[in-house]
>>> print(open('structure23.cif').read())   # mmCIF, C-alpha atoms and all ligand atoms
data_final
loop_
_atom_site.label_atom_id
_atom_site.label_comp_id
_atom_site.auth_asym_id
_atom_site.auth_seq_id
_atom_site.Cartn_x
_atom_site.Cartn_y
_atom_site.Cartn_z
CA MET C 242 0.00 0.00 0.00
CA GLU C 243 1.18 3.48 -0.79
CA TYR C 244 0.51 6.33 1.64
CA VAL C 245 0.03 10.08 1.29
CA THR C 246 1.13 12.50 4.02
CA LEU C 247 -1.51 15.00 5.09
CA ASN C 248 -0.70 18.63 5.99
CA ASN C 249 -0.32 17.66 9.69
CA GLY C 250 2.07 14.74 9.05
CA VAL C 251 -0.60 11.99 9.40
CA LYS C 252 -0.28 9.27 6.77
CA ILE C 253 -3.34 8.04 4.87
CA PRO C 254 -3.50 5.01 2.52
CA ILE C 255 -3.91 6.18 -1.07
CA LEU C 256 -6.62 3.58 -1.70
CA GLY C 257 -9.53 2.90 0.62
CA TYR C 258 -12.77 1.01 0.94
CA GLY C 259 -16.10 2.87 1.26
CA VAL C 260 -19.34 1.53 2.73
CA TYR C 261 -21.95 3.90 1.29
CA GLN C 262 -25.06 1.88 0.34
CA VAL C 263 -23.69 -1.23 2.04
CA SER C 264 -26.58 -2.60 4.09
CA LYS C 265 -26.35 -3.25 7.83
CA GLU C 266 -26.76 -6.96 7.07
CA GLU C 267 -23.77 -7.10 4.71
CA CYS C 268 -21.51 -4.43 6.15
CA GLU C 269 -19.62 -6.42 8.79
CA ARG C 270 -18.77 -9.19 6.31
CA CYS C 271 -17.80 -6.67 3.61
CA VAL C 272 -15.40 -4.74 5.85
CA ILE C 273 -13.80 -7.96 7.13
CA ASP C 274 -13.39 -9.08 3.48
CA ALA C 275 -11.91 -5.72 2.48
CA ILE C 276 -9.40 -5.79 5.33
CA SER C 277 -8.46 -9.39 4.45
CA VAL C 278 -7.78 -8.25 0.87
CA GLY C 279 -5.43 -5.54 2.21
CA TYR C 280 -7.49 -2.34 2.49
CA ARG C 281 -6.45 -0.30 5.51
CA LEU C 282 -8.64 2.78 4.98
CA ILE C 283 -12.34 2.39 5.78
CA ASP C 284 -14.73 5.24 4.94
CA THR C 285 -18.15 5.41 6.61
CA ALA C 286 -20.53 8.19 7.71
CA GLN C 287 -23.26 8.83 10.25
CA ALA C 288 -25.69 8.94 7.33
CA TYR C 289 -24.67 5.46 6.05
CA PHE C 290 -26.31 3.84 9.10
CA ASN C 291 -23.61 1.19 9.39
CA GLU C 292 -21.07 2.61 11.87
CA GLU C 293 -21.77 -0.17 14.41
CA GLU C 294 -21.21 -2.87 11.81
CA VAL C 295 -17.95 -1.21 10.71
CA GLY C 296 -16.88 -1.12 14.36
CA ASN C 297 -17.72 -4.83 14.81
CA ALA C 298 -15.69 -5.71 11.72
CA ILE C 299 -12.65 -3.75 12.90
CA LEU C 300 -12.78 -5.47 16.30
CA LYS C 301 -13.09 -8.91 14.72
CA CYS C 302 -10.72 -8.61 11.74
CA GLY C 303 -7.52 -9.50 13.59
CA ILE C 304 -5.63 -6.39 12.44
CA PRO C 305 -4.61 -3.93 15.17
CA ARG C 306 -6.77 -0.80 15.29
CA GLU C 307 -3.69 1.44 14.79
CA GLU C 308 -3.07 -0.15 11.38
CA ILE C 309 -6.50 0.88 10.15
CA PHE C 310 -7.31 4.41 9.05
CA LEU C 311 -10.93 5.01 10.02
CA THR C 312 -13.04 7.86 8.64
CA THR C 313 -16.56 8.96 9.47
CA LYS C 314 -18.60 12.02 8.47
CA VAL C 315 -20.92 14.27 10.45
CA TRP C 316 -24.39 14.52 8.98
CA ILE C 317 -26.03 17.93 8.40
CA SER C 318 -28.65 17.56 11.16
CA ASN C 319 -25.79 17.15 13.66
CA TYR C 320 -24.18 20.48 12.69
CA GLY C 321 -23.69 23.34 15.15
CA TYR C 322 -20.92 23.29 17.77
CA GLU C 323 -22.58 21.29 20.58
CA GLU C 324 -24.45 18.82 18.38
CA THR C 325 -21.37 18.03 16.32
CA LYS C 326 -19.25 17.38 19.38
CA LYS C 327 -21.92 15.10 20.85
CA SER C 328 -22.47 13.25 17.57
CA VAL C 329 -18.77 12.57 16.97
CA LEU C 330 -18.50 11.05 20.46
CA GLN C 331 -21.58 8.93 19.64
CA SER C 332 -19.98 7.83 16.36
CA MET C 333 -16.88 6.79 18.29
CA GLU C 334 -19.07 4.69 20.59
CA LYS C 335 -20.79 3.03 17.63
CA LEU C 336 -17.44 2.45 15.93
CA GLN C 337 -16.10 1.07 19.23
CA THR C 338 -12.96 3.15 19.18
CA ASN C 339 -11.51 5.86 21.41
CA TYR C 340 -10.12 7.90 18.51
CA LEU C 341 -10.87 8.53 14.84
CA ASP C 342 -8.31 8.99 12.08
CA LEU C 343 -10.42 11.42 10.07
CA VAL C 344 -13.76 13.15 10.58
CA LEU C 345 -15.33 15.09 7.72
CA LEU C 346 -18.27 17.45 7.51
CA HIS C 347 -20.42 15.57 4.99
CA GLN C 348 -21.98 18.56 3.22
CA PRO C 349 -21.55 22.37 3.02
CA PHE C 350 -25.05 23.22 4.30
CA ASN C 351 -26.58 24.39 7.62
CA ASP C 352 -24.27 25.52 10.45
CA TYR C 353 -21.04 24.01 9.13
CA TYR C 354 -18.96 26.74 10.78
CA GLY C 355 -20.12 25.74 14.28
CA ALA C 356 -19.59 22.10 13.27
CA TYR C 357 -16.08 22.79 12.00
CA ARG C 358 -15.08 24.54 15.22
CA ALA C 359 -16.23 21.47 17.17
CA LEU C 360 -13.99 19.33 14.94
CA GLU C 361 -11.10 21.72 15.60
CA ASP C 362 -11.59 21.33 19.36
CA LEU C 363 -11.83 17.52 19.14
CA TYR C 364 -8.65 17.64 17.06
CA GLU C 365 -6.88 19.78 19.68
CA GLU C 366 -8.06 17.30 22.34
CA LYS C 367 -6.47 14.54 20.21
CA LYS C 368 -9.71 12.57 19.88
CA ILE C 369 -9.42 12.96 16.11
CA ARG C 370 -6.13 12.66 14.22
CA SER C 371 -7.27 14.72 11.24
CA ILE C 372 -10.30 16.72 10.16
CA GLY C 373 -11.83 17.84 6.92
CA VAL C 374 -14.81 18.45 4.73
CA SER C 375 -16.67 16.83 1.85
CA ASN C 376 -18.47 18.22 -1.16
CA PHE C 377 -16.93 21.65 -0.58
CA TYR C 378 -16.57 23.34 -3.97
CA PRO C 379 -13.55 25.64 -4.44
CA ASP C 380 -15.21 28.79 -3.02
CA ARG C 381 -16.49 27.03 0.13
CA LEU C 382 -13.14 25.28 0.61
CA SER C 383 -11.14 28.50 0.40
CA ASP C 384 -13.58 30.09 2.85
CA ILE C 385 -13.22 27.32 5.45
CA CYS C 386 -9.42 27.32 5.00
CA LEU C 387 -8.99 31.08 5.35
CA PHE C 388 -11.29 31.78 8.30
CA ASN C 389 -10.39 28.97 10.71
CA LYS C 390 -7.45 27.97 12.90
CA VAL C 391 -6.92 24.46 11.52
CA THR C 392 -6.64 24.00 7.76
CA PRO C 393 -8.70 20.92 6.81
CA GLN C 394 -6.53 17.94 6.03
CA VAL C 395 -8.92 16.46 3.43
CA ASN C 396 -11.73 17.45 1.07
CA GLN C 397 -13.67 14.45 -0.27
CA VAL C 398 -15.37 15.22 -3.57
CA GLU C 399 -16.80 13.29 -6.51
CA THR C 400 -13.81 12.60 -8.78
CA ASN C 401 -13.85 10.23 -11.75
CA PRO C 402 -12.93 10.28 -15.46
CA PHE C 403 -16.13 12.15 -16.36
CA ASN C 404 -15.75 14.73 -13.55
CA GLN C 405 -12.00 15.12 -13.11
CA GLN C 406 -11.91 18.08 -10.68
CA ILE C 407 -8.79 19.62 -12.23
CA TYR C 408 -9.50 23.14 -10.98
CA ALA C 409 -10.75 21.94 -7.60
CA GLN C 410 -7.58 19.89 -7.10
CA LYS C 411 -5.40 22.89 -8.01
CA ASN C 412 -7.25 24.96 -5.42
CA MET C 413 -6.81 22.21 -2.83
CA ILE C 414 -3.07 22.01 -3.54
CA LYS C 415 -2.86 25.79 -3.16
CA ASN C 416 -4.58 25.52 0.23
CA ASN C 417 -2.59 22.43 1.31
CA VAL C 418 -5.68 20.19 1.45
CA GLN C 419 -5.61 16.57 0.25
CA ILE C 420 -8.20 15.63 -2.38
CA GLN C 421 -10.07 12.36 -1.85
CA SER C 422 -12.27 10.82 -4.54
CA TRP C 423 -15.78 9.57 -3.90
CA ALA C 424 -17.54 7.62 -6.66
CA PRO C 425 -14.34 6.88 -8.60
CA PHE C 426 -16.50 4.79 -10.94
CA GLY C 427 -19.39 7.26 -10.84
CA GLU C 428 -21.35 4.29 -9.47
CA GLY C 429 -21.33 3.07 -13.09
CA ARG C 430 -23.18 6.14 -14.43
CA GLY C 431 -22.52 7.26 -18.02
CA ASP C 432 -21.71 3.61 -18.82
CA MET C 433 -18.31 4.13 -17.22
CA PHE C 434 -17.66 0.39 -16.96
CA LYS C 435 -18.15 0.11 -20.75
CA ASN C 436 -16.17 3.15 -21.84
CA GLU C 437 -14.17 2.37 -24.99
CA VAL C 438 -11.25 4.71 -24.23
CA LEU C 439 -10.74 3.23 -20.76
CA LYS C 440 -11.17 -0.31 -22.08
CA LYS C 441 -8.56 0.16 -24.80
CA ILE C 442 -6.07 1.49 -22.26
CA GLY C 443 -6.81 -1.38 -19.86
CA ASP C 444 -6.33 -3.99 -22.62
CA LYS C 445 -2.72 -2.82 -23.12
CA TYR C 446 -1.88 -3.72 -19.52
CA ASN C 447 -4.31 -6.61 -19.10
CA LYS C 448 -6.22 -4.52 -16.58
CA SER C 449 -9.94 -3.79 -16.18
CA ILE C 450 -11.63 -0.41 -16.58
CA ALA C 451 -12.00 -0.20 -12.77
CA GLN C 452 -8.26 -0.76 -12.36
CA VAL C 453 -7.41 1.88 -14.98
CA ILE C 454 -9.60 4.43 -13.18
CA LEU C 455 -8.11 3.77 -9.75
CA ARG C 456 -4.58 3.79 -11.16
CA TRP C 457 -5.30 7.12 -12.91
CA LEU C 458 -6.47 8.61 -9.58
CA VAL C 459 -3.41 7.32 -7.71
CA GLN C 460 -1.10 8.77 -10.38
CA ARG C 461 -2.82 12.13 -9.83
CA ASP C 462 -2.04 11.83 -6.07
CA ILE C 463 -5.73 11.48 -5.29
CA VAL C 464 -6.80 9.25 -2.40
CA ALA C 465 -9.45 6.96 -3.91
CA LEU C 466 -12.36 5.20 -2.21
CA ALA C 467 -13.79 2.22 -4.05
CA LYS C 468 -16.89 0.34 -2.94
CA SER C 469 -17.89 -3.21 -3.80
CA THR C 470 -19.77 -5.84 -1.85
CA HIS C 471 -18.02 -8.60 -3.86
CA ILE C 472 -14.66 -9.86 -2.62
CA GLU C 473 -13.43 -10.63 -6.18
CA ARG C 474 -14.02 -6.99 -7.15
CA MET C 475 -12.41 -5.77 -3.90
CA LYS C 476 -9.32 -7.76 -4.96
CA GLU C 477 -9.49 -6.49 -8.53
CA ASN C 478 -9.75 -2.90 -7.32
CA PHE C 479 -6.75 -3.44 -5.03
CA GLU C 480 -4.44 -4.74 -7.79
CA ILE C 481 -3.36 -1.39 -9.18
CA PHE C 482 0.15 -1.04 -7.83
CA ASP C 483 1.87 -3.25 -10.43
CA PHE C 484 1.42 -1.10 -13.54
CA LYS C 485 1.74 2.52 -14.61
CA LEU C 486 -0.30 4.53 -17.11
CA SER C 487 1.76 6.33 -19.75
CA ASN C 488 1.57 10.05 -20.54
CA GLU C 489 -0.39 9.20 -23.72
CA ASP C 490 -2.93 7.26 -21.60
CA LEU C 491 -3.27 10.22 -19.25
CA ILE C 492 -3.87 12.56 -22.21
CA GLU C 493 -6.57 10.25 -23.59
CA ILE C 494 -8.31 10.06 -20.19
CA SER C 495 -8.12 13.85 -19.78
CA LYS C 496 -10.34 14.17 -22.89
CA LEU C 497 -13.19 12.35 -21.09
CA ASP C 498 -13.70 15.22 -18.62
CA THR C 499 -17.14 16.85 -18.83
CA LYS C 500 -16.39 19.08 -15.79
CA ASN C 501 -19.88 18.23 -14.54
CA SER C 502 -21.16 16.02 -11.76
CA LEU C 503 -22.71 12.67 -12.62
CA PHE C 504 -24.94 13.21 -9.59
CA PHE C 505 -25.82 16.85 -8.94
CA ASN C 506 -24.25 20.26 -8.56
CA HIS C 507 -24.08 21.14 -4.87
CA GLN C 508 -24.21 24.87 -5.60
CA THR C 509 -27.83 25.12 -6.78
CA PRO C 510 -30.92 25.97 -4.68
CA GLU C 511 -32.35 22.61 -5.80
CA ALA C 512 -29.38 20.86 -4.17
CA VAL C 513 -30.10 22.66 -0.90
CA GLU C 514 -33.77 21.65 -1.13
CA PHE C 515 -32.75 18.04 -1.83
CA MET C 516 -30.46 18.04 1.22
CA ALA C 517 -33.22 19.51 3.38
CA GLN C 518 -35.48 16.65 2.24
CA LEU C 519 -32.78 14.09 3.07
CA VAL C 520 -32.37 15.62 6.53
CA GLU C 521 -36.13 15.25 7.06
CA GLN C 522 -36.20 11.65 5.77
CA ARG C 523 -33.26 10.57 7.92
CA LYS C 524 -34.19 12.45 11.09
CA ASP C 525 -35.47 9.40 13.00
CA LYS C 526 -32.58 7.19 11.89
CA ILE C 527 -29.66 9.43 12.91
N1 LIG U 1 -18.78 12.22 0.70
C1 LIG U 1 -19.79 11.89 -0.05
O1 LIG U 1 -20.76 12.66 -0.23
C2 LIG U 1 -19.80 10.55 -0.71
C3 LIG U 1 -20.76 10.25 -1.69
C4 LIG U 1 -20.71 9.00 -2.29
C5 LIG U 1 -19.73 8.08 -1.92
N2 LIG U 1 -18.82 8.38 -0.94
C6 LIG U 1 -17.77 7.42 -0.51
O2 LIG U 1 -17.07 6.95 -1.66
C7 LIG U 1 -17.19 5.53 -1.74
C8 LIG U 1 -17.22 5.09 -3.20
O3 LIG U 1 -18.27 5.72 -3.91
P1 LIG U 1 -19.60 4.99 -4.37
O4 LIG U 1 -19.81 3.79 -3.53
O5 LIG U 1 -20.69 5.98 -4.39
O6 LIG U 1 -19.36 4.60 -5.87
P2 LIG U 1 -18.26 3.85 -6.76
O7 LIG U 1 -17.18 3.29 -5.88
O8 LIG U 1 -17.91 4.76 -7.86
O9 LIG U 1 -19.10 2.69 -7.40
C9 LIG U 1 -19.59 1.61 -6.69
C10 LIG U 1 -20.34 0.72 -7.69
O10 LIG U 1 -19.40 0.12 -8.61
C11 LIG U 1 -19.52 -1.28 -8.58
N3 LIG U 1 -18.16 -1.84 -8.71
C12 LIG U 1 -17.14 -1.70 -7.82
N4 LIG U 1 -16.02 -2.28 -8.29
C13 LIG U 1 -16.33 -2.79 -9.50
C14 LIG U 1 -15.58 -3.50 -10.46
N5 LIG U 1 -14.31 -3.78 -10.29
N6 LIG U 1 -16.23 -3.89 -11.62
C15 LIG U 1 -17.55 -3.58 -11.81
N7 LIG U 1 -18.30 -2.92 -10.92
C16 LIG U 1 -17.69 -2.52 -9.77
C17 LIG U 1 -20.16 -1.62 -7.26
O11 LIG U 1 -20.96 -2.79 -7.38
P3 LIG U 1 -20.92 -4.01 -6.29
O12 LIG U 1 -20.94 -3.42 -4.91
O13 LIG U 1 -22.16 -4.76 -6.62
O14 LIG U 1 -19.67 -4.76 -6.60
C18 LIG U 1 -21.06 -0.41 -7.02
O15 LIG U 1 -22.29 -0.56 -7.70
C19 LIG U 1 -18.49 5.24 -0.97
O16 LIG U 1 -18.64 3.90 -0.59
C20 LIG U 1 -18.36 6.20 0.18
O17 LIG U 1 -17.47 5.69 1.16
C21 LIG U 1 -18.85 9.61 -0.34
#
>>> encode(input="structure23.cif", output="structure tokens", more="lines below")
Ligand SMILES: NC(=O)c1ccc[n+]([C@@H]2O[C@H](COP(=O)([O-])OP(=O)(O)OC[C@H]3O[C@@H](n4cnc5c(N)ncnc54)[C@H](OP(=O)(O)O)[C@@H]3O)[C@@H](O)[C@H]2O)c1
Amino acid sequence: MEYVTLNNGVKIPILGYGVYQVSKEECERCVIDAISVGYRLIDTAQAYFNEEEVGNAILKCGIPREEIFLTTKVWISNYGYEETKKSVLQSMEKLQTNYLDLVLLHQPFNDYYGAYRALEDLYEEKKIRSIGVSNFYPDRLSDICLFNKVTPQVNQVETNPFNQQIYAQKNMIKNNVQIQSWAPFGEGRGDMFKNEVLKKIGDKYNKSIAQVILRWLVQRDIVALAKSTHIERMKENFEIFDFKLSNEDLIEISKLDTKNSLFFNHQTPEAVEFMAQLVEQRKDKI
């Protein structure tokens, strides 16, 4: 496994395993499988409703806790200083751990300033080894970097061949924030797993489209999170450290960028309304 060093010296694996949309029933088995394959970064969130199962898996997997980099995210309804502090401590209970490697603010809506200051305090108290944000577009990221004590260590944003985040990554580098990719495969949208350009490149190295995508992210120094409930695919997605894409390959992939989200643009009023609906739907579950 290769590691990236965050702006505070903490090392994070460059490839991780995410559990979004992994059901409670399957989650413990999936995380144990992923750790057995070699993944050492596990990415969950309060809003994934599987923190307890992730915690069970980490206890049972036989790998010391310190060798696993564990991330969770604070959900919007837990924003505000006091609520965020309380909810992170609850997440730690569910995850059965007395520290977290990374805690992110899941979305840039509601009182994320109060929430961020709670993360800063938990960081100062050494309950959290690193802190950050997710889905913060360049303007919001610069804002949170320039008006707070602790510069976020990570910003997790949708990054894949169809939404390459070139400008956002430049802005993160400028602010000393590590970019992390969610939906590296765009969850298969835009027929990503059938893309001819990616397939042709993969054929040269005897690698799959998924492997080409993850390799491309790693070569751009992007921490990637891949999700699969199938152990064969977890293995496939992990086997990306034995080949290198050429400059010509990188040029071909750069032409696939649409500069648009495969999901939705977080900067529209409709996105805010959608998030408010999600908050309402999830209010009894969080
Ligand atoms: N911060 C955020 O707002 C945010 C949003 C979304 C995701 N995330 C994080 O990022 C992680 C990854 O994103 P994601 O789960 O949305 O999407 P993704 O990793 O782009 O795609 C997952 C989909 O690809 C399939 N897949 C995985 N490996 C494959 C392979 N080798 N060949 C063919 N199909 C394959 C999976 O199917 P099977 O499971 O059936 O194999 C699943 O349907 C999440 O789990 C989560 O931790 C964060």
>>> residues_around(input="structure23.cif", residues="segment 310-318 of chain C", least_positions_apart="3", cutoff="8 Å", atoms="all atoms listed in the file", output="list in words")
Ile253, Pro254, Arg281, Leu282, Ile283, Asp284, Thr285, Ala286, Gln287, Ala288, Glu307, Thr325, Ser328, Val329, Ser332, Leu341, Asp342, Leu343, Val344, Leu345, Leu346, His347, Gln348, Phe350, Asn351, Tyr353, Val520 and Lys524 of chain C
>>> residues_near_ligand(input="structure23.cif", ligand="ligand LIG 1 (chain U)", cutoff="9 Å", atoms="all atoms listed in the file", output="MDAnalysis selection string")
chainID C and resid 257:263 283:286 289 312:314 345:348 374:376 396:401 421:430 434 449:452 465:478
>>> closest_residue(input="structure23.cif", among="C:Thr499, C:Ile492, C:Ala517, C:Val453", to="Phe479 of chain C", atoms="only C-alpha atoms")
C:Val453
>>> atom_distance(input="structure23.cif", atom1="atom CA of Val245 of chain C", atom2="atom CA of Gly279 of chain C")
16.6 Å
>>> residues_around(input="structure23.cif", residues="Cys302 of chain C", least_positions_apart="6", cutoff="8 Å", atoms="all atoms listed in the file", output="PDB file with C-alpha atoms, in the coordinates of the input")
ATOM      1  CA  ILE C 273     -13.800  -7.960   7.130  1.00  0.00           C
ATOM      2  CA  ILE C 276      -9.400  -5.790   5.330  1.00  0.00           C
ATOM      3  CA  SER C 277      -8.460  -9.390   4.450  1.00  0.00           C
TER       4      SER C 277
END
>>> closest_residue(input="structure23.cif", among="C:Gly373, C:Gln460, C:Ser495, C:Ile299", to="Asn248 of chain C", atoms="all atoms listed in the file")
C:Gly373
>>> atom_distance(input="structure23.cif", atom1="atom CA of Glu293 of chain C", atom2="atom CA of Glu269 of chain C")
8.7 Å
>>> decode(input="structure23.cif", residues="segment 249-259 of chain C", atoms="all heavy atoms", output="compact mmCIF listing (two decimals), in the first residue's frame")
# COMPACT_ATOMS: atom_id res chain seq x y z
N ASN C 249 -0.74 17.71 8.27
CA ASN C 249 -0.32 17.66 9.69
C ASN C 249 0.62 16.49 9.95
O ASN C 249 0.85 16.11 11.10
CB ASN C 249 -1.55 17.55 10.60
CG ASN C 249 -2.37 16.30 10.31
OD1 ASN C 249 -2.09 15.60 9.34
ND2 ASN C 249 -3.36 16.04 11.13
N GLY C 250 1.11 15.83 8.88
CA GLY C 250 2.07 14.74 9.05
C GLY C 250 1.42 13.36 9.16
O GLY C 250 2.12 12.34 9.11
N VAL C 251 0.09 13.30 9.30
CA VAL C 251 -0.60 11.99 9.40
C VAL C 251 -0.57 11.32 8.03
O VAL C 251 -0.77 11.97 7.00
CB VAL C 251 -2.06 12.20 9.90
CG1 VAL C 251 -2.90 10.95 9.72
CG2 VAL C 251 -2.05 12.63 11.37
N LYS C 252 -0.33 10.00 8.04
CA LYS C 252 -0.28 9.27 6.77
C LYS C 252 -1.60 8.56 6.51
O LYS C 252 -2.15 7.92 7.40
CB LYS C 252 0.87 8.24 6.82
CG LYS C 252 2.24 8.89 6.76
CD LYS C 252 3.30 7.83 6.53
CE LYS C 252 4.71 8.33 6.56
NZ LYS C 252 5.01 9.70 6.22
N ILE C 253 -2.07 8.66 5.26
CA ILE C 253 -3.34 8.04 4.87
C ILE C 253 -3.09 7.11 3.68
O ILE C 253 -2.36 7.49 2.76
CB ILE C 253 -4.40 9.14 4.52
CG1 ILE C 253 -5.76 8.52 4.20
CG2 ILE C 253 -3.94 10.03 3.37
CD1 ILE C 253 -6.89 9.55 4.05
N PRO C 254 -3.67 5.89 3.69
CA PRO C 254 -3.50 5.01 2.52
C PRO C 254 -4.09 5.68 1.28
O PRO C 254 -5.14 6.34 1.37
CB PRO C 254 -4.32 3.77 2.90
CG PRO C 254 -4.44 3.79 4.39
CD PRO C 254 -4.46 5.25 4.76
N ILE C 255 -3.44 5.49 0.15
CA ILE C 255 -3.91 6.18 -1.07
C ILE C 255 -5.15 5.51 -1.67
O ILE C 255 -5.86 6.10 -2.48
CB ILE C 255 -2.78 6.32 -2.11
CG1 ILE C 255 -3.12 7.39 -3.13
CG2 ILE C 255 -2.45 4.99 -2.79
CD1 ILE C 255 -1.97 8.07 -3.78
N LEU C 256 -5.43 4.29 -1.22
CA LEU C 256 -6.62 3.58 -1.70
C LEU C 256 -7.40 3.07 -0.50
O LEU C 256 -6.82 2.45 0.40
CB LEU C 256 -6.20 2.41 -2.60
CG LEU C 256 -7.31 1.51 -3.12
CD1 LEU C 256 -8.25 2.27 -4.05
CD2 LEU C 256 -6.71 0.30 -3.87
N GLY C 257 -8.71 3.33 -0.51
CA GLY C 257 -9.53 2.90 0.62
C GLY C 257 -10.80 2.20 0.17
O GLY C 257 -11.10 2.11 -1.02
N TYR C 258 -11.53 1.73 1.18
CA TYR C 258 -12.77 1.01 0.94
C TYR C 258 -13.93 1.79 1.57
O TYR C 258 -13.87 2.13 2.75
CB TYR C 258 -12.67 -0.40 1.57
CG TYR C 258 -13.93 -1.21 1.41
CD1 TYR C 258 -14.27 -1.72 0.17
CD2 TYR C 258 -14.79 -1.42 2.48
CE1 TYR C 258 -15.45 -2.44 0.00
CE2 TYR C 258 -15.97 -2.14 2.33
CZ TYR C 258 -16.28 -2.64 1.08
OH TYR C 258 -17.46 -3.35 0.91
N GLY C 259 -14.97 2.08 0.77
CA GLY C 259 -16.10 2.87 1.26
C GLY C 259 -17.34 2.01 1.44
O GLY C 259 -17.56 1.06 0.69
